[in-house]
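Worksheet: the structure to be examined is printed underneath.
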Amino acid sequence: MKQTFKHLYLIMISMMCLIVDGCTSFRGPKYPDIIYNNEQPLISVSYEYGEIQIILPIKYEAALPNNILFKVFAHADTMNPIISILQEPPNEFRTSVPQGVLDTKEKTNLIRIIPQGKDFDQVDVRFKGIHFGRIVLPPKMVRIGQLIVSGKTFLINNDSTLANVEITLQNFDNIIHSTYSNENGLFQIAIPGEYKFAEHLRIVAGDNMVFKPFIRQLDFTDSRKVKLDVGLGPSKEMKGPLYIVNKDNVQFKKNPDIGSEILFLLQQGEVLSVERITPGAYFGYIEVKLKNDKYVKMEGWVNRLDIEEINMSSINKGFSDK
Amino acid sequence: MLFYFKKLLLFIIVVSQLYPQIKLDVNTIPTEVDIYLDGINLGSSPIRNERIIPGLHKFEIQKKGYAPLNYELFVNPSKAIEIDFFLNPIHKCKFKTKEKGLIFELNGEHHWDVGLIRLNLEAGDHLLRVFKIRELVDEQIIQIDKPETFNYILKQPLSEL
């Protein structure tokens with residue numbers, strides 16, 4: 001019995017070996033490696049971008065423009081704005097730009113405020129970007145552009161350049177700003193734009209000269225830039241010898257007698273062309289400027305002590321020294 | 001102690017400002033695959049609400065029965081990013097022929113010359129080239145999209161058995 005089981009066991013093992021071996025030869029050998037085709041697998045990447053809100057408070061001085069064009073630039077590219085918005089003057093400019101468009105390392109991003117109107121200048125606001133969130137920038141002032149007066153200073157008598165002539169812009173008697181003409185007689189002076197509407201704005205030139213200063217009302221109605229050449233001293237019509245009034249309110253009389261009719265009260269710096277001399281008074285003529293910028297000659301007498309002789313050739317040199 | 005804690009807190013705030021983090025979601029097909037980001041195991045997919053900083057990153061995914069996946073991605077500054085990986089399965093295929101004296105080459109690097117062989121092939125296209133006495137006698141593309149048995153007859157398109 002035991003022998004029978006042993007034989008049966010061996011037969012079964014042999015049959016199993018035959019079956020396994022047979023099946024293996026039927027299935028064939030297996031290639032040892034996995035064979036990849038090295039193709040890029042399918043991958044989907046999707047971003048969700050946030051927004052960057054920009055808030056720029058705007059303040060106005062003196063006047064409001066009709067509209068304002070806002071342009072936002074990034075990465076110092078001032079050719080291609082990210083956003084361009086034309087709107088009525090807001091108290092706060094608010095806009096949103098997509099995340100990632102601003103330069104977050106340098107201040108190369110820019111908001112350009114372009115007020116619509118010839119009186120206003122554009123304003124640029126540079127800022128550094130953030131990755132996302134909100135940027136609140138410091139308030140920016142939108143004001144009327146500066147008023148500019150430029151020109152040259154010269155001596156009327158011989159058209160020569162006058163250097164270092166004091167130039168002041170005044171509203172009533174308040175000096176807004178002052179400067180001096182340079183060695184070439186050129187000057188440029190700028191004052192805040194709100195004076196555009198001042199009714200008593202004037203330029204006064206030559207306060208530091210011996211001559212009567214040049215005074216002219218300024219009008220910026222048509223333009224914010226005024227070109228004005230300032231001539232000082234007597235005109236070419238004034239022949240020598242020339243005398244200059246040495247104090248204010250000097251009597252310019254019809255006759256040299258005491259009690260004679262007073263034609264004018266001359267101010268310091270007024271030039272008198274002398275024709276006759278008496279021991280106590282000089283007779284000559286002065287130039288009176290009319291409203292149309294033309295001059296008329298007026299004859300009269302001046303007390304001898306109230307005037308001093310001037311030499312025009314030496315005055316030129318003297319004027320060069322402030 | 002408080003001083004060092006404050007310094008650490010300040011450092012964390014500064015770093016977080018310098019490197020703003022982006023929300024990261026990762027999906028895979030199939031699911032429940034371990035995702036490695038720059039060598040660090042993020043866990044089993046799907047991955048939700050992880051954080052990543054902008055810049056270049058490397059994803060590595062391995063699962064038995066699928067082709068391993070290595071993917072380098074430059075992450076843009078953004079609010080969130082969602083990545084879907086579709087893993088390529090490996091199919092068990094059989095390749096048999098009754099032709100004699102042929103040498104088979106797959107994708108230019110795998111060779112055999114037996115009449116029947118079992119292959120583990122990544123799903124997709126594979127280039128089969130057949131040589132006889134060192135001469136190219138056939139060339140065709142095999143498309144694998146499921147476990148298959150191919151019966152090759154010289155210069156005929158491969159047919160499924």
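Chain labels follow the order of the structure tokens: the first chain is A, the next B, and so on; residue numbering restarts at 1 in every chain, and ligands are counted from 1 in their shown order.
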Exercise for review: Hey, list the chain A side of the contact with chain B: 6 Å cut-off, only C-alpha atoms, answer as a ChimeraX atom specification.
Suggested key: /A:28-31,34-37,42-50,100
Written selection (N, CA and C atoms) as an mmCIF file, in the first residue's frame:
```cif
data_model
loop_
_atom_site.group_PDB
_atom_site.id
_atom_site.type_symbol
_atom_site.label_atom_id
_atom_site.label_comp_id
_atom_site.auth_asym_id
_atom_site.auth_seq_id
_atom_site.Cartn_x
_atom_site.Cartn_y
_atom_site.Cartn_z
ATOM 1 N N GLY A 28 6.414 30.577 -24.552
ATOM 2 C CA GLY A 28 7.590 31.205 -25.126
ATOM 3 C C GLY A 28 8.409 31.914 -24.065
ATOM 4 N N PRO A 29 9.667 32.288 -24.405
ATOM 5 C CA PRO A 29 10.521 33.000 -23.435
ATOM 6 C C PRO A 29 10.044 34.446 -23.233
ATOM 7 N N LYS A 30 10.456 35.009 -22.125
ATOM 8 C CA LYS A 30 10.063 36.398 -21.810
ATOM 9 C C LYS A 30 11.250 37.330 -22.054
ATOM 10 N N TYR A 31 10.999 38.451 -22.778
ATOM 11 C CA TYR A 31 12.070 39.427 -23.001
ATOM 12 C C TYR A 31 12.408 40.082 -21.658
ATOM 13 N N ILE A 34 11.611 45.835 -19.861
ATOM 14 C CA ILE A 34 10.375 46.510 -20.276
ATOM 15 C C ILE A 34 10.738 47.423 -21.437
ATOM 16 N N ILE A 35 9.945 47.375 -22.472
ATOM 17 C CA ILE A 35 10.266 48.169 -23.672
ATOM 18 C C ILE A 35 9.426 49.450 -23.654
ATOM 19 N N TYR A 36 10.164 50.545 -23.435
ATOM 20 C CA TYR A 36 9.494 51.857 -23.418
ATOM 21 C C TYR A 36 9.588 52.480 -24.804
ATOM 22 N N ASN A 37 8.628 53.308 -25.112
ATOM 23 C CA ASN A 37 8.719 54.002 -26.411
ATOM 24 C C ASN A 37 9.216 55.439 -26.253
ATOM 25 N N LEU A 42 1.082 62.117 -21.372
ATOM 26 C CA LEU A 42 0.092 63.189 -21.417
ATOM 27 C C LEU A 42 0.067 63.892 -20.059
ATOM 28 N N ILE A 43 0.369 65.183 -20.096
ATOM 29 C CA ILE A 43 0.401 65.979 -18.855
ATOM 30 C C ILE A 43 -0.382 67.260 -19.094
ATOM 31 N N SER A 44 -1.208 67.582 -18.170
ATOM 32 C CA SER A 44 -1.995 68.815 -18.284
ATOM 33 C C SER A 44 -1.629 69.740 -17.126
ATOM 34 N N VAL A 45 -1.222 70.962 -17.465
ATOM 35 C CA VAL A 45 -0.860 71.955 -16.441
ATOM 36 C C VAL A 45 -1.794 73.145 -16.596
ATOM 37 N N SER A 46 -2.493 73.478 -15.551
ATOM 38 C CA SER A 46 -3.377 74.654 -15.627
ATOM 39 C C SER A 46 -3.100 75.580 -14.451
ATOM 40 N N TYR A 47 -2.976 76.860 -14.799
ATOM 41 C CA TYR A 47 -2.696 77.880 -13.786
ATOM 42 C C TYR A 47 -3.962 78.644 -13.441
ATOM 43 N N GLU A 48 -3.998 79.091 -12.233
ATOM 44 C CA GLU A 48 -5.043 80.037 -11.854
ATOM 45 C C GLU A 48 -4.316 81.317 -11.455
ATOM 46 N N TYR A 49 -4.555 82.352 -12.255
ATOM 47 C CA TYR A 49 -3.865 83.611 -11.979
ATOM 48 C C TYR A 49 -4.754 84.524 -11.155
ATOM 49 N N GLY A 50 -4.153 85.200 -10.209
ATOM 50 C CA GLY A 50 -4.879 86.180 -9.413
ATOM 51 C C GLY A 50 -4.749 87.544 -10.070
ATOM 52 N N GLY A 100 1.587 88.578 -12.346
ATOM 53 C CA GLY A 100 2.798 88.188 -13.068
ATOM 54 C C GLY A 100 3.249 89.173 -14.126
#
```
Review point. Which neighbours of region 284-292 of chain A fall inside 10 Å, counting only C-alpha atoms, when residues of the same chain fewer than 6 positions from it are skipped, and could you give them as a VMD selection string?
Key: chain A and resid 234 to 235 237 to 239 241 to 243 252 266 270 to 277 298 to 302
Generate a file of the selected residues that holds N, CA and C atoms, formatted as a PDB file, in the first residue's frame.
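Dumped to out_39.pdb:
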```pdb
ATOM      1  N   PRO A 234      17.947 154.057 -21.422  1.00  0.00           N
ATOM      2  CA  PRO A 234      17.345 155.022 -22.343  1.00  0.00           C
ATOM      3  C   PRO A 234      17.320 154.491 -23.773  1.00  0.00           C
ATOM      4  N   SER A 235      16.411 155.048 -24.562  1.00  0.00           N
ATOM      5  CA  SER A 235      16.314 154.596 -25.950  1.00  0.00           C
ATOM      6  C   SER A 235      17.417 155.251 -26.784  1.00  0.00           C
ATOM      7  N   GLU A 237      17.037 157.230 -29.051  1.00  0.00           N
ATOM      8  CA  GLU A 237      16.663 158.614 -29.347  1.00  0.00           C
ATOM      9  C   GLU A 237      17.237 159.591 -28.319  1.00  0.00           C
ATOM     10  N   MET A 238      17.573 159.073 -27.167  1.00  0.00           N
ATOM     11  CA  MET A 238      18.084 159.946 -26.098  1.00  0.00           C
ATOM     12  C   MET A 238      19.546 160.262 -26.380  1.00  0.00           C
ATOM     13  N   LYS A 239      19.809 161.548 -26.643  1.00  0.00           N
ATOM     14  CA  LYS A 239      21.184 161.940 -26.955  1.00  0.00           C
ATOM     15  C   LYS A 239      21.854 162.461 -25.683  1.00  0.00           C
ATOM     16  N   PRO A 241      24.492 164.858 -23.327  1.00  0.00           N
ATOM     17  CA  PRO A 241      24.816 164.127 -22.103  1.00  0.00           C
ATOM     18  C   PRO A 241      23.572 163.640 -21.375  1.00  0.00           C
ATOM     19  N   LEU A 242      23.689 162.427 -20.824  1.00  0.00           N
ATOM     20  CA  LEU A 242      22.555 161.818 -20.144  1.00  0.00           C
ATOM     21  C   LEU A 242      22.771 161.885 -18.635  1.00  0.00           C
ATOM     22  N   TYR A 243      21.694 162.197 -17.964  1.00  0.00           N
ATOM     23  CA  TYR A 243      21.726 162.244 -16.502  1.00  0.00           C
ATOM     24  C   TYR A 243      20.679 161.275 -15.964  1.00  0.00           C
ATOM     25  N   PHE A 252       9.758 167.301 -11.908  1.00  0.00           N
ATOM     26  CA  PHE A 252      10.083 167.609 -13.298  1.00  0.00           C
ATOM     27  C   PHE A 252       9.149 168.764 -13.665  1.00  0.00           C
ATOM     28  N   LEU A 266       9.474 162.315 -10.997  1.00  0.00           N
ATOM     29  CA  LEU A 266      10.333 161.276 -11.576  1.00  0.00           C
ATOM     30  C   LEU A 266      10.777 160.293 -10.501  1.00  0.00           C
ATOM     31  N   GLU A 270      15.270 157.214 -13.643  1.00  0.00           N
ATOM     32  CA  GLU A 270      14.769 157.861 -14.854  1.00  0.00           C
ATOM     33  C   GLU A 270      15.926 158.617 -15.521  1.00  0.00           C
ATOM     34  N   VAL A 271      15.985 158.544 -16.839  1.00  0.00           N
ATOM     35  CA  VAL A 271      17.098 159.160 -17.575  1.00  0.00           C
ATOM     36  C   VAL A 271      16.625 160.483 -18.202  1.00  0.00           C
ATOM     37  N   LEU A 272      17.468 161.448 -18.055  1.00  0.00           N
ATOM     38  CA  LEU A 272      17.169 162.785 -18.583  1.00  0.00           C
ATOM     39  C   LEU A 272      18.262 163.175 -19.581  1.00  0.00           C
ATOM     40  N   SER A 273      17.836 163.579 -20.757  1.00  0.00           N
ATOM     41  CA  SER A 273      18.787 164.054 -21.755  1.00  0.00           C
ATOM     42  C   SER A 273      18.861 165.583 -21.601  1.00  0.00           C
ATOM     43  N   VAL A 274      20.018 166.060 -21.187  1.00  0.00           N
ATOM     44  CA  VAL A 274      20.161 167.478 -20.805  1.00  0.00           C
ATOM     45  C   VAL A 274      20.558 168.311 -22.029  1.00  0.00           C
ATOM     46  N   GLU A 275      19.870 169.447 -22.140  1.00  0.00           N
ATOM     47  CA  GLU A 275      20.164 170.353 -23.260  1.00  0.00           C
ATOM     48  C   GLU A 275      20.721 171.690 -22.784  1.00  0.00           C
ATOM     49  N   ARG A 276      20.250 172.127 -21.608  1.00  0.00           N
ATOM     50  CA  ARG A 276      20.718 173.408 -21.062  1.00  0.00           C
ATOM     51  C   ARG A 276      20.993 173.260 -19.581  1.00  0.00           C
ATOM     52  N   ILE A 277      21.984 174.024 -19.114  1.00  0.00           N
ATOM     53  CA  ILE A 277      22.362 173.950 -17.710  1.00  0.00           C
ATOM     54  C   ILE A 277      22.360 175.364 -17.123  1.00  0.00           C
ATOM     55  N   MET A 298       9.166 164.451 -23.370  1.00  0.00           N
ATOM     56  CA  MET A 298       8.590 165.542 -22.579  1.00  0.00           C
ATOM     57  C   MET A 298       9.737 166.406 -22.072  1.00  0.00           C
ATOM     58  N   GLU A 299       9.627 167.698 -22.251  1.00  0.00           N
ATOM     59  CA  GLU A 299      10.679 168.615 -21.820  1.00  0.00           C
ATOM     60  C   GLU A 299      10.351 169.197 -20.455  1.00  0.00           C
ATOM     61  N   GLY A 300      11.416 169.515 -19.710  1.00  0.00           N
ATOM     62  CA  GLY A 300      11.188 170.114 -18.417  1.00  0.00           C
ATOM     63  C   GLY A 300      12.488 170.388 -17.676  1.00  0.00           C
ATOM     64  N   TRP A 301      12.343 170.891 -16.462  1.00  0.00           N
ATOM     65  CA  TRP A 301      13.482 171.262 -15.639  1.00  0.00           C
ATOM     66  C   TRP A 301      13.569 170.355 -14.418  1.00  0.00           C
ATOM     67  N   VAL A 302      14.828 170.076 -14.041  1.00  0.00           N
ATOM     68  CA  VAL A 302      15.074 169.238 -12.861  1.00  0.00           C
ATOM     69  C   VAL A 302      16.126 169.927 -12.006  1.00  0.00           C
TER      70      VAL A 302
END
```
Review point. Suppose you want the space between CA of Lys225 (chain A) and CA of Arg143 (chain A); what is it in Å?
Key: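 Between these atoms lies a distance of 16.0 Å.
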Exercise for review: Find the residues around Asn246 (chain A) up to 8 Å (only C-alpha atoms counted), leave out those fewer than 6 positions away in its own chain, and share them as a list of chain:residue names.
Suggested key: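 Contacts, in chain order: A:Gln268, A:Gly269, A:Asp306, A:Ile307, A:Glu308.
Excluding region 126-137 of chain A and any residue on its chain fewer than 5 positions from it, the residues at most 7 Å away by only C-alpha atoms are Gly50, Glu51, Ile52, Gln53, Ile54, Ile55, Leu56, Gln99, Gly100, Leu102, Asp103, Thr104, Lys105, Glu106, Lys107, Thr108, Asn109, Leu110 and Ile111 of chain A; Pro77 of chain B.
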For the residues selected in the previous step, produce a file with C-alpha atoms as a PDB file, in the first residue's frame.
```
ATOM      1  CA  GLY A  50      -4.879  86.180  -9.413  1.00  0.00           C
ATOM      2  CA  GLU A  51      -5.108  89.903  -9.918  1.00  0.00           C
ATOM      3  CA  ILE A  52      -3.067  92.792  -8.647  1.00  0.00           C
ATOM      4  CA  GLN A  53      -5.165  95.735  -7.626  1.00  0.00           C
ATOM      5  CA  ILE A  54      -3.491  99.124  -7.934  1.00  0.00           C
ATOM      6  CA  ILE A  55      -4.803 102.111  -6.030  1.00  0.00           C
ATOM      7  CA  LEU A  56      -3.400 105.572  -6.641  1.00  0.00           C
ATOM      8  CA  GLN A  99      -0.753  88.522 -11.873  1.00  0.00           C
ATOM      9  CA  GLY A 100       2.798  88.188 -13.068  1.00  0.00           C
ATOM     10  CA  LEU A 102       4.567  93.599 -13.114  1.00  0.00           C
ATOM     11  CA  ASP A 103       8.262  93.785 -12.371  1.00  0.00           C
ATOM     12  CA  THR A 104       8.589  92.703  -8.760  1.00  0.00           C
ATOM     13  CA  LYS A 105      12.310  93.362  -8.467  1.00  0.00           C
ATOM     14  CA  GLU A 106      12.815  96.902  -9.708  1.00  0.00           C
ATOM     15  CA  LYS A 107      10.767 100.094  -9.853  1.00  0.00           C
ATOM     16  CA  THR A 108      10.304  99.807 -13.589  1.00  0.00           C
ATOM     17  CA  ASN A 109       6.511  99.758 -13.555  1.00  0.00           C
ATOM     18  CA  LEU A 110       4.870 103.044 -14.398  1.00  0.00           C
ATOM     19  CA  ILE A 111       1.500 104.754 -14.188  1.00  0.00           C
TER      20      ILE A 111
ATOM     21  CA  PRO B  77       4.151  83.075 -10.455  1.00  0.00           C
TER      22      PRO B  77
END
```
Exercise for review: Tell me which protein, DNA and RNA residues are within 12 Å of Leu228 (chain A), counting only C-alpha atoms, leaving out same-chain ones fewer than 5 positions away, and put them as a VMD selection string.
Suggested key: chain A and resid 148 to 154 167 186 to 189 202 to 205 214 to 219
Restricting the output to C-alpha atoms, write the selected residues as an mmCIF file, in the first residue's frame.
```cif
data_model
loop_
_atom_site.group_PDB
_atom_site.id
_atom_site.type_symbol
_atom_site.label_atom_id
_atom_site.label_comp_id
_atom_site.auth_asym_id
_atom_site.auth_seq_id
_atom_site.Cartn_x
_atom_site.Cartn_y
_atom_site.Cartn_z
ATOM 1 C CA ILE A 148 7.520 129.908 -17.901
ATOM 2 C CA VAL A 149 8.874 133.301 -18.874
ATOM 3 C CA SER A 150 12.069 133.381 -20.880
ATOM 4 C CA GLY A 151 13.988 135.921 -22.871
ATOM 5 C CA LYS A 152 17.082 138.067 -22.816
ATOM 6 C CA THR A 153 18.106 141.323 -21.195
ATOM 7 C CA PHE A 154 19.727 144.070 -23.231
ATOM 8 C CA ILE A 167 14.292 139.324 -12.822
ATOM 9 C CA LEU A 186 19.436 134.960 -21.139
ATOM 10 C CA PHE A 187 16.956 134.142 -18.409
ATOM 11 C CA GLN A 188 14.206 131.663 -17.754
ATOM 12 C CA ILE A 189 11.906 131.770 -14.801
ATOM 13 C CA ARG A 202 3.891 141.021 -13.627
ATOM 14 C CA ILE A 203 7.568 140.772 -14.426
ATOM 15 C CA VAL A 204 9.962 143.283 -12.930
ATOM 16 C CA ALA A 205 13.465 143.386 -14.354
ATOM 17 C CA PHE A 214 11.275 147.199 -16.615
ATOM 18 C CA ILE A 215 7.731 146.318 -15.546
ATOM 19 C CA ARG A 216 5.285 144.369 -17.691
ATOM 20 C CA GLN A 217 1.954 142.717 -16.953
ATOM 21 C CA LEU A 218 1.980 139.003 -17.817
ATOM 22 C CA ASP A 219 -0.832 137.159 -19.519
#
```
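The space separating CA of Asp293 (chain A) from CA of Gly231 (chain A) comes to 11.9 Å.
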Point to revise | Within 12 Å of region 38-42 of chain B using only C-alpha atoms, minus same-chain residues under 2 positions, as a ChimeraX atom specification | key: /B:24-26,32-36,44-53,55-62,70-73
Check your understanding: Would you give me, as a ChimeraX atom specification, the residues in region 4-105 of chain B that DSSP reads as strand (DSSP E)?
Key -> /B:22-29,34-37,40-44,47-52,55-61,69-75,80-86,90-97,102-105
Point to revise | Glu183 (chain A) surroundings by only C-alpha atoms, 8 Å radius, close-in-sequence under 2 positions cut, as a VMD selection string | key: chain A and resid 162 to 164 181 185 to 186 320
